[in-house]
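Shown here: protein24.txt, compact mmCIF, C-alpha atoms and all ligand atoms.
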# COMPACT_ATOMS: atom_id res chain seq x y z
CA MET J 129 42.19 16.95 21.87
CA ALA J 130 44.39 14.88 19.55
CA GLN J 131 42.63 13.31 16.56
CA SER J 132 42.46 9.54 16.90
CA ARG J 133 44.31 7.47 14.32
CA ILE J 134 42.39 6.84 11.09
CA VAL J 135 41.77 3.18 10.29
CA LYS J 136 40.93 2.32 6.66
CA ILE J 137 39.80 -1.11 5.52
CA CYS J 138 40.43 -1.31 1.78
CA GLY J 139 39.07 -3.62 -0.89
CA ILE J 140 35.55 -4.12 0.40
CA LYS J 141 33.26 -5.68 -2.21
CA SER J 142 29.97 -6.41 -0.44
CA GLU J 143 27.46 -4.64 1.79
CA ASP J 144 27.86 -7.43 4.33
CA LEU J 145 31.57 -6.73 4.75
CA LEU J 146 30.94 -2.98 4.63
CA GLU J 147 28.57 -3.40 7.56
CA ALA J 148 31.14 -5.52 9.42
CA ALA J 149 33.80 -2.82 8.97
CA ILE J 150 31.43 -0.09 10.17
CA VAL J 151 30.33 -2.08 13.23
CA ALA J 152 33.98 -2.86 14.05
CA GLY J 153 34.71 0.89 14.06
CA ALA J 154 36.48 1.62 10.75
CA ASP J 155 36.84 5.32 9.94
CA MET J 156 37.23 4.80 6.24
CA VAL J 157 36.55 2.04 3.71
CA GLY J 158 38.11 1.60 0.29
CA PHE J 159 36.42 0.26 -2.83
CA MET J 160 38.65 -0.82 -5.72
CA HIS J 161 37.70 0.14 -9.25
CA PHE J 162 40.51 -1.50 -11.22
CA GLN J 163 39.80 -4.51 -13.42
CA ARG J 164 42.97 -6.41 -12.57
CA SER J 165 42.32 -6.30 -8.83
CA PRO J 166 40.77 -9.30 -7.08
CA ARG J 167 38.79 -6.62 -5.19
CA HIS J 168 37.42 -4.86 -8.27
CA VAL J 169 33.85 -3.62 -8.07
CA SER J 170 31.77 -2.39 -11.00
CA ILE J 171 30.36 1.14 -11.26
CA GLU J 172 26.91 -0.23 -10.41
CA ASP J 173 28.20 -1.91 -7.24
CA LEU J 174 30.24 1.18 -6.36
CA ALA J 175 27.05 3.23 -6.44
CA GLU J 176 25.35 0.84 -3.98
CA LEU J 177 28.35 0.63 -1.66
CA ILE J 178 28.97 4.39 -1.58
CA SER J 179 25.36 5.04 -0.83
CA ALA J 180 25.31 2.41 1.95
CA ALA J 181 28.43 3.99 3.50
CA ARG J 182 27.25 7.60 3.30
CA GLY J 183 27.07 9.32 6.69
CA ARG J 184 28.34 6.21 8.52
CA VAL J 185 31.93 5.82 7.38
CA GLU J 186 34.09 7.73 4.90
CA SER J 187 34.19 6.07 1.51
CA CYS J 188 37.20 6.05 -0.80
CA VAL J 189 37.28 4.78 -4.37
CA VAL J 190 40.71 3.55 -5.45
CA LEU J 191 41.64 4.24 -9.09
CA VAL J 192 44.83 3.58 -11.02
CA ASN J 193 45.90 6.31 -13.46
CA PRO J 194 42.27 7.14 -14.37
CA ASP J 195 41.29 9.22 -17.38
CA ASN J 196 39.00 12.22 -16.96
CA SER J 197 35.85 10.33 -17.88
CA CYS J 198 36.53 7.68 -15.24
CA VAL J 199 37.13 10.37 -12.60
CA ALA J 200 33.90 12.12 -13.60
CA GLU J 201 31.90 8.89 -13.52
CA VAL J 202 33.22 7.94 -10.08
CA SER J 203 33.03 11.39 -8.50
CA ALA J 204 29.39 11.67 -9.63
CA LEU J 205 28.62 8.78 -7.28
CA GLY J 206 29.59 11.02 -4.34
CA PRO J 207 32.38 9.19 -2.52
CA ASP J 208 34.18 11.17 0.18
CA TRP J 209 37.57 10.40 -1.36
CA ILE J 210 39.24 9.22 -4.52
CA GLN J 211 42.58 7.44 -4.00
CA LEU J 212 45.03 7.63 -6.89
CA HIS J 213 47.19 4.52 -6.81
CA GLY J 214 49.04 4.71 -10.12
CA PRO J 215 51.96 6.68 -11.57
CA GLU J 216 50.04 9.99 -11.51
CA THR J 217 52.37 13.02 -11.48
CA PRO J 218 51.87 15.86 -8.99
CA HIS J 219 50.47 17.96 -11.86
CA ARG J 220 47.96 15.24 -12.78
CA VAL J 221 46.93 14.84 -9.13
CA GLU J 222 46.28 18.59 -8.92
CA ALA J 223 44.22 18.51 -12.13
CA ILE J 224 42.12 15.58 -10.92
CA ARG J 225 41.62 17.26 -7.55
CA ALA J 226 40.49 20.49 -9.22
CA GLY J 227 37.93 18.68 -11.38
CA ALA J 228 36.68 15.91 -9.12
CA GLY J 229 35.12 17.91 -6.29
CA VAL J 230 36.03 15.21 -3.76
CA GLU J 231 39.08 14.86 -1.57
CA ILE J 232 42.09 13.18 -3.13
CA MET J 233 44.43 10.72 -1.45
CA LYS J 234 47.63 9.99 -3.37
CA ALA J 235 49.29 6.64 -2.79
CA LEU J 236 53.05 6.61 -3.21
CA PRO J 237 55.24 3.48 -3.45
CA ILE J 238 58.15 3.25 -1.03
CA GLY J 239 61.05 0.88 -1.63
CA ALA J 240 64.13 3.02 -1.19
CA ALA J 241 65.29 6.37 0.18
CA ALA J 242 64.83 7.97 -3.26
CA ASP J 243 61.10 7.17 -3.08
CA VAL J 244 60.82 8.96 0.25
CA ALA J 245 62.45 12.04 -1.25
CA LEU J 246 59.64 12.26 -3.84
CA VAL J 247 56.87 12.50 -1.25
CA THR J 248 57.34 16.26 -0.75
CA ASP J 249 56.44 16.87 -4.42
CA TYR J 250 52.90 15.65 -3.73
CA VAL J 251 52.26 17.68 -0.57
CA GLY J 252 49.81 20.37 -1.58
CA ALA J 253 48.75 18.50 -4.72
CA ALA J 254 46.75 15.94 -2.75
CA ASP J 255 44.61 16.28 0.37
CA ARG J 256 46.30 13.27 1.95
CA ILE J 257 49.30 11.03 1.29
CA LEU J 258 49.25 7.22 1.65
CA LEU J 259 52.62 5.49 1.75
CA ASP J 260 52.52 1.91 0.46
CA ALA J 261 55.09 -0.77 -0.33
CA LYS J 262 56.61 -0.50 -3.80
CA PRO J 263 55.38 -3.50 -5.82
CA PRO J 264 58.02 -5.92 -7.09
CA LYS J 265 58.97 -5.72 -10.79
CA GLY J 266 56.44 -7.64 -12.86
CA ALA J 267 53.60 -7.30 -10.33
CA ASP J 268 50.24 -7.16 -12.09
CA ARG J 269 48.91 -4.37 -9.87
CA PRO J 270 50.43 -1.49 -7.92
CA GLY J 271 48.84 -2.22 -4.54
CA GLY J 272 47.02 -4.72 -2.40
CA LEU J 273 49.90 -7.19 -2.54
CA GLY J 274 50.31 -7.77 1.20
CA THR J 275 53.98 -6.79 1.22
CA SER J 276 55.50 -4.33 3.64
CA PHE J 277 58.47 -1.99 3.28
CA ASP J 278 61.30 -1.03 5.60
CA TRP J 279 59.60 1.50 7.88
CA SER J 280 62.96 2.92 8.94
CA LEU J 281 63.16 4.53 5.48
CA LEU J 282 60.60 7.02 6.75
CA GLU J 283 63.06 8.40 9.29
CA THR J 284 64.21 10.81 6.55
CA LEU J 285 60.68 12.03 5.79
CA ASP J 286 59.89 15.62 6.82
CA PRO J 287 58.07 15.04 10.16
CA SER J 288 55.59 17.82 9.40
CA ILE J 289 54.08 15.77 6.53
CA PRO J 290 51.03 13.82 7.71
CA PHE J 291 50.55 10.47 5.97
CA MET J 292 48.73 7.17 6.22
CA LEU J 293 50.69 3.92 6.23
CA SER J 294 49.89 0.76 4.28
CA GLY J 295 51.61 -2.28 2.84
CA GLY J 296 51.54 -5.67 4.48
CA LEU J 297 49.80 -4.54 7.66
CA THR J 298 48.03 -7.25 9.63
CA PRO J 299 46.30 -7.58 13.01
CA ASP J 300 49.64 -8.88 14.33
CA ASN J 301 51.92 -6.06 13.18
CA VAL J 302 49.65 -3.00 13.16
CA ALA J 303 50.47 -2.00 16.75
CA ALA J 304 54.21 -2.20 16.05
CA ALA J 305 53.73 -0.18 12.85
CA ILE J 306 51.86 2.54 14.73
CA GLY J 307 54.42 2.60 17.55
CA THR J 308 57.35 2.81 15.14
CA VAL J 309 56.05 5.04 12.35
CA LYS J 310 53.37 7.07 14.17
CA PRO J 311 51.29 7.63 11.04
CA LEU J 312 48.11 9.69 10.78
CA GLY J 313 46.33 6.46 9.94
CA VAL J 314 46.70 2.88 8.79
CA ASP J 315 45.28 1.08 5.76
CA VAL J 316 44.92 -2.66 5.22
CA SER J 317 43.63 -5.01 2.57
CA SER J 318 45.37 -8.42 2.31
CA GLY J 319 46.00 -8.59 6.06
CA VAL J 320 42.27 -8.93 6.78
CA GLU J 321 41.66 -11.57 4.10
CA THR J 322 41.79 -15.36 3.98
CA ALA J 323 42.53 -15.30 0.21
CA PRO J 324 43.01 -12.44 -2.28
CA GLY J 325 39.73 -10.52 -2.32
CA VAL J 326 38.10 -12.57 0.45
CA LYS J 327 37.73 -10.40 3.55
CA ASP J 328 37.23 -11.94 6.97
CA LYS J 329 35.06 -10.22 9.60
CA ARG J 330 37.10 -11.50 12.53
CA LEU J 331 40.36 -10.29 10.99
CA ILE J 332 38.78 -6.87 10.35
CA GLU J 333 37.68 -6.70 14.00
CA ALA J 334 41.11 -7.79 15.24
CA PHE J 335 42.91 -5.26 13.03
CA ILE J 336 40.77 -2.38 14.25
CA ARG J 337 40.95 -3.51 17.88
CA ASN J 338 44.74 -3.78 17.77
CA ALA J 339 45.12 -0.45 15.96
CA ARG J 340 42.96 1.29 18.57
CA ALA J 341 44.84 -0.35 21.43
CA ALA J 342 48.09 1.01 20.02
CA GLY J 343 46.77 4.52 20.66
O1 LIG Z 1 43.93 -3.90 -3.50
C1 LIG Z 1 44.24 -3.97 -4.69
O2 LIG Z 1 44.03 -4.99 -5.36
C2 LIG Z 1 44.85 -2.79 -5.37
C3 LIG Z 1 45.10 -2.89 -6.73
C4 LIG Z 1 45.64 -1.80 -7.40
C5 LIG Z 1 45.93 -0.63 -6.72
C6 LIG Z 1 45.68 -0.53 -5.36
C7 LIG Z 1 45.16 -1.59 -4.66
N1 LIG Z 1 44.94 -1.51 -3.29
C8 LIG Z 1 45.01 -0.24 -2.63
C9 LIG Z 1 45.12 -0.16 -1.16
O3 LIG Z 1 44.88 0.93 -0.64
C10 LIG Z 1 45.64 -1.29 -0.30
O4 LIG Z 1 44.95 -1.27 0.91
C11 LIG Z 1 47.13 -1.06 -0.04
O5 LIG Z 1 47.82 -1.20 -1.25
C12 LIG Z 1 47.69 -2.07 0.98
O6 LIG Z 1 47.44 -3.37 0.57
P1 LIG Z 1 47.90 -4.63 1.44
O7 LIG Z 1 49.39 -4.64 1.47
O8 LIG Z 1 47.32 -5.79 0.73
O9 LIG Z 1 47.31 -4.45 2.81
Let me see the structure of the file written as structure tokens.
Amino acid sequence: MAQSRIVKICGIKSEDLLEAAIVAGADMVGFMHFQRSPRHVSIEDLAELISAARGRVESCVVLVNPDNSCVAEVSALGPDWIQLHGPETPHRVEAIRAGAGVEIMKALPIGAAADVALVTDYVGAADRILLDAKPPKGADRPGGLGTSFDWSLLETLDPSIPFMLSGGLTPDNVAAAIGTVKPLGVDVSSGVETAPGVKDKRLIEAFIRNARAAG
């Protein structure tokens, strides 16, 4: 039987919203640990959230170019995944994966055909690839900006590479994204918020419902 599409709700900050995502049927939730993010959660809160998620939904801690001590501190909390959302090289991703003892998702920014060509370098270094919109020059963070990229760029991607799609997804466009790109899964943050960092239960429900309906 074909695996159903993975739906990840990223940037959850509270147990209340974690519960809402689980009840709505999320497969994966993301917790940001990056000071400049409006979704940043402290190590103490990460510990609570990861423990509340355990066995109910896969948890993923998003880090940006972390040093070894940060990786060790986060992996000790026992998330299912660490997502690397910075300029980590394939070699650095491999090193983090070898030391962390948890699965590694590598986010890669897509803005042009040349970015798509780089994806292959990360296959084998990470357990999963997440393709996100390339942030505009001067952006203060590398993700969670609510901007999408031209999905047709992915037509040149090796079709044997499984990947999750993110960047500007919303309840209104997720079905079209799935139909066009046919990703392994979809990931959303801004599209289920009413303001940066403020998640909305009804938008989470609508996103998951529409993603499931798209097949
Ligand atoms: O969400 C953030 O603030 C963030 C900051 C720095 C690095 C990554 C970040 N988010 C990671 C994600 O996985 C987001 O879900 C992904 O970038 C898509 O975001 P959006 O376009 O807002 O749906």
Neighbours of segment 227-238 of chain J within 10 Å (all atoms listed in the file; same-chain residues fewer than 6 positions away dropped), as JSON, numbers by chain?
{"J": [188, 189, 190, 192, 196, 199, 200, 201, 202, 203, 204, 206, 207, 208, 209, 210, 211, 212, 213, 214, 215, 216, 217, 218, 221, 244, 245, 246, 247, 250, 251, 253, 254, 255, 256, 257, 258, 259, 260, 261, 262, 263, 270, 271, 276, 277, 278, 279, 281, 282, 291, 292, 293, 294, 295]}
Store the residues picked out above, limited to C-alpha atoms, as a short mmCIF file (atom, residue, chain, number, x, y, z; two decimals), keeping the file's coordinate frame.
data_model
loop_
_atom_site.label_atom_id
_atom_site.label_comp_id
_atom_site.auth_asym_id
_atom_site.auth_seq_id
_atom_site.Cartn_x
_atom_site.Cartn_y
_atom_site.Cartn_z
CA CYS J 188 37.20 6.05 -0.80
CA VAL J 189 37.28 4.78 -4.37
CA VAL J 190 40.71 3.55 -5.45
CA VAL J 192 44.83 3.58 -11.02
CA ASN J 196 39.00 12.22 -16.96
CA VAL J 199 37.13 10.37 -12.60
CA ALA J 200 33.90 12.12 -13.60
CA GLU J 201 31.90 8.89 -13.52
CA VAL J 202 33.22 7.94 -10.08
CA SER J 203 33.03 11.39 -8.50
CA ALA J 204 29.39 11.67 -9.63
CA GLY J 206 29.59 11.02 -4.34
CA PRO J 207 32.38 9.19 -2.52
CA ASP J 208 34.18 11.17 0.18
CA TRP J 209 37.57 10.40 -1.36
CA ILE J 210 39.24 9.22 -4.52
CA GLN J 211 42.58 7.44 -4.00
CA LEU J 212 45.03 7.63 -6.89
CA HIS J 213 47.19 4.52 -6.81
CA GLY J 214 49.04 4.71 -10.12
CA PRO J 215 51.96 6.68 -11.57
CA GLU J 216 50.04 9.99 -11.51
CA THR J 217 52.37 13.02 -11.48
CA PRO J 218 51.87 15.86 -8.99
CA VAL J 221 46.93 14.84 -9.13
CA VAL J 244 60.82 8.96 0.25
CA ALA J 245 62.45 12.04 -1.25
CA LEU J 246 59.64 12.26 -3.84
CA VAL J 247 56.87 12.50 -1.25
CA TYR J 250 52.90 15.65 -3.73
CA VAL J 251 52.26 17.68 -0.57
CA ALA J 253 48.75 18.50 -4.72
CA ALA J 254 46.75 15.94 -2.75
CA ASP J 255 44.61 16.28 0.37
CA ARG J 256 46.30 13.27 1.95
CA ILE J 257 49.30 11.03 1.29
CA LEU J 258 49.25 7.22 1.65
CA LEU J 259 52.62 5.49 1.75
CA ASP J 260 52.52 1.91 0.46
CA ALA J 261 55.09 -0.77 -0.33
CA LYS J 262 56.61 -0.50 -3.80
CA PRO J 263 55.38 -3.50 -5.82
CA PRO J 270 50.43 -1.49 -7.92
CA GLY J 271 48.84 -2.22 -4.54
CA SER J 276 55.50 -4.33 3.64
CA PHE J 277 58.47 -1.99 3.28
CA ASP J 278 61.30 -1.03 5.60
CA TRP J 279 59.60 1.50 7.88
CA LEU J 281 63.16 4.53 5.48
CA LEU J 282 60.60 7.02 6.75
CA PHE J 291 50.55 10.47 5.97
CA MET J 292 48.73 7.17 6.22
CA LEU J 293 50.69 3.92 6.23
CA SER J 294 49.89 0.76 4.28
CA GLY J 295 51.61 -2.28 2.84
#
Name the residues within 12 Å of (29.5, 8.2, 6.3), counting all atoms listed in the file in the file's coordinates, and put them as JSON, numbers by chain.
{"J": [146, 147, 150, 153, 154, 155, 156, 157, 177, 178, 179, 180, 181, 182, 183, 184, 185, 186, 187, 188, 206, 207, 208, 209]}
Using C-alpha atoms, can you write the selected residues to a file as a compact mmCIF listing (two decimals), keeping the file's coordinate frame?
# COMPACT_ATOMS: atom_id res chain seq x y z
CA LEU J 146 30.94 -2.98 4.63
CA GLU J 147 28.57 -3.40 7.56
CA ILE J 150 31.43 -0.09 10.17
CA GLY J 153 34.71 0.89 14.06
CA ALA J 154 36.48 1.62 10.75
CA ASP J 155 36.84 5.32 9.94
CA MET J 156 37.23 4.80 6.24
CA VAL J 157 36.55 2.04 3.71
CA LEU J 177 28.35 0.63 -1.66
CA ILE J 178 28.97 4.39 -1.58
CA SER J 179 25.36 5.04 -0.83
CA ALA J 180 25.31 2.41 1.95
CA ALA J 181 28.43 3.99 3.50
CA ARG J 182 27.25 7.60 3.30
CA GLY J 183 27.07 9.32 6.69
CA ARG J 184 28.34 6.21 8.52
CA VAL J 185 31.93 5.82 7.38
CA GLU J 186 34.09 7.73 4.90
CA SER J 187 34.19 6.07 1.51
CA CYS J 188 37.20 6.05 -0.80
CA GLY J 206 29.59 11.02 -4.34
CA PRO J 207 32.38 9.19 -2.52
CA ASP J 208 34.18 11.17 0.18
CA TRP J 209 37.57 10.40 -1.36
Option closest in space to Ala304 of chain J, from J:Asn338, J:Arg164, J:Lys327, J:Val320 [counting only C-alpha atoms]
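The shortest atom-to-atom distance to Ala304 of chain J comes from J:Asn338.
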Using all atoms listed in the file, which residues have at least one atom no more than 6 Å from ligand LIG 1 (chain Z)? Output them as an NGL selection string.
:J and (138-139 or 165-167 or 213 or 260 or 269-275 or 294-297 or 315-319)
re atom CA of Pro194 of chain J and atom CA of Ser170 of chain J: distance 14.6 Å
For Val135 of chain J, the closest of J:Gly343, J:Val151, J:Lys310, J:Ile336 counting all atoms listed in the file is J:Ile336
Non-local contacts of Arg330 of chain J (12 Å; only C-alpha atoms; under 4 positions in same chain excluded) as an mmCIF file with C-alpha atoms, in the frame of the given file:
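result-v5.cif was written with the following content:
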data_model
loop_
_atom_site.group_PDB
_atom_site.id
_atom_site.type_symbol
_atom_site.label_atom_id
_atom_site.label_comp_id
_atom_site.auth_asym_id
_atom_site.auth_seq_id
_atom_site.Cartn_x
_atom_site.Cartn_y
_atom_site.Cartn_z
ATOM 1 C CA LEU J 145 31.570 -6.730 4.750
ATOM 2 C CA ALA J 148 31.140 -5.520 9.420
ATOM 3 C CA ALA J 149 33.800 -2.820 8.970
ATOM 4 C CA VAL J 151 30.330 -2.080 13.230
ATOM 5 C CA ALA J 152 33.980 -2.860 14.050
ATOM 6 C CA PRO J 299 46.300 -7.580 13.010
ATOM 7 C CA GLY J 319 46.000 -8.590 6.060
ATOM 8 C CA VAL J 320 42.270 -8.930 6.780
ATOM 9 C CA GLU J 321 41.660 -11.570 4.100
ATOM 10 C CA THR J 322 41.790 -15.360 3.980
ATOM 11 C CA ALA J 334 41.110 -7.790 15.240
ATOM 12 C CA PHE J 335 42.910 -5.260 13.030
ATOM 13 C CA ILE J 336 40.770 -2.380 14.250
ATOM 14 C CA ARG J 337 40.950 -3.510 17.880
#
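From atom CA of Gly307 of chain J back to atom CA of Ala240 of chain J, the distance works out to 21.1 Å.
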What is the distance, in Å and to one decimal place, between atom CA of Ala341 of chain J and atom CA of Ser132 of chain J?
11.1 Å
J:Leu312, J:Leu174, J:Pro287, J:Ala226 ranked by distance to Glu143 of chain J, top pick (using only C-alpha atoms):
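Of the candidates, the smallest distance to Glu143 of chain J is held by J:Leu174.
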Smallest atom-to-atom distance to Gly313 of chain J: which of J:Leu331, J:Ala242, J:Ala339, J:Cys198, using all atoms listed in the file?
J:Ala339
Which of these residues is nearest to Ile306 of chain J, using only C-alpha atoms: J:Glu283, J:Pro290, J:Ala342, J:Asn193?
J:Ala342
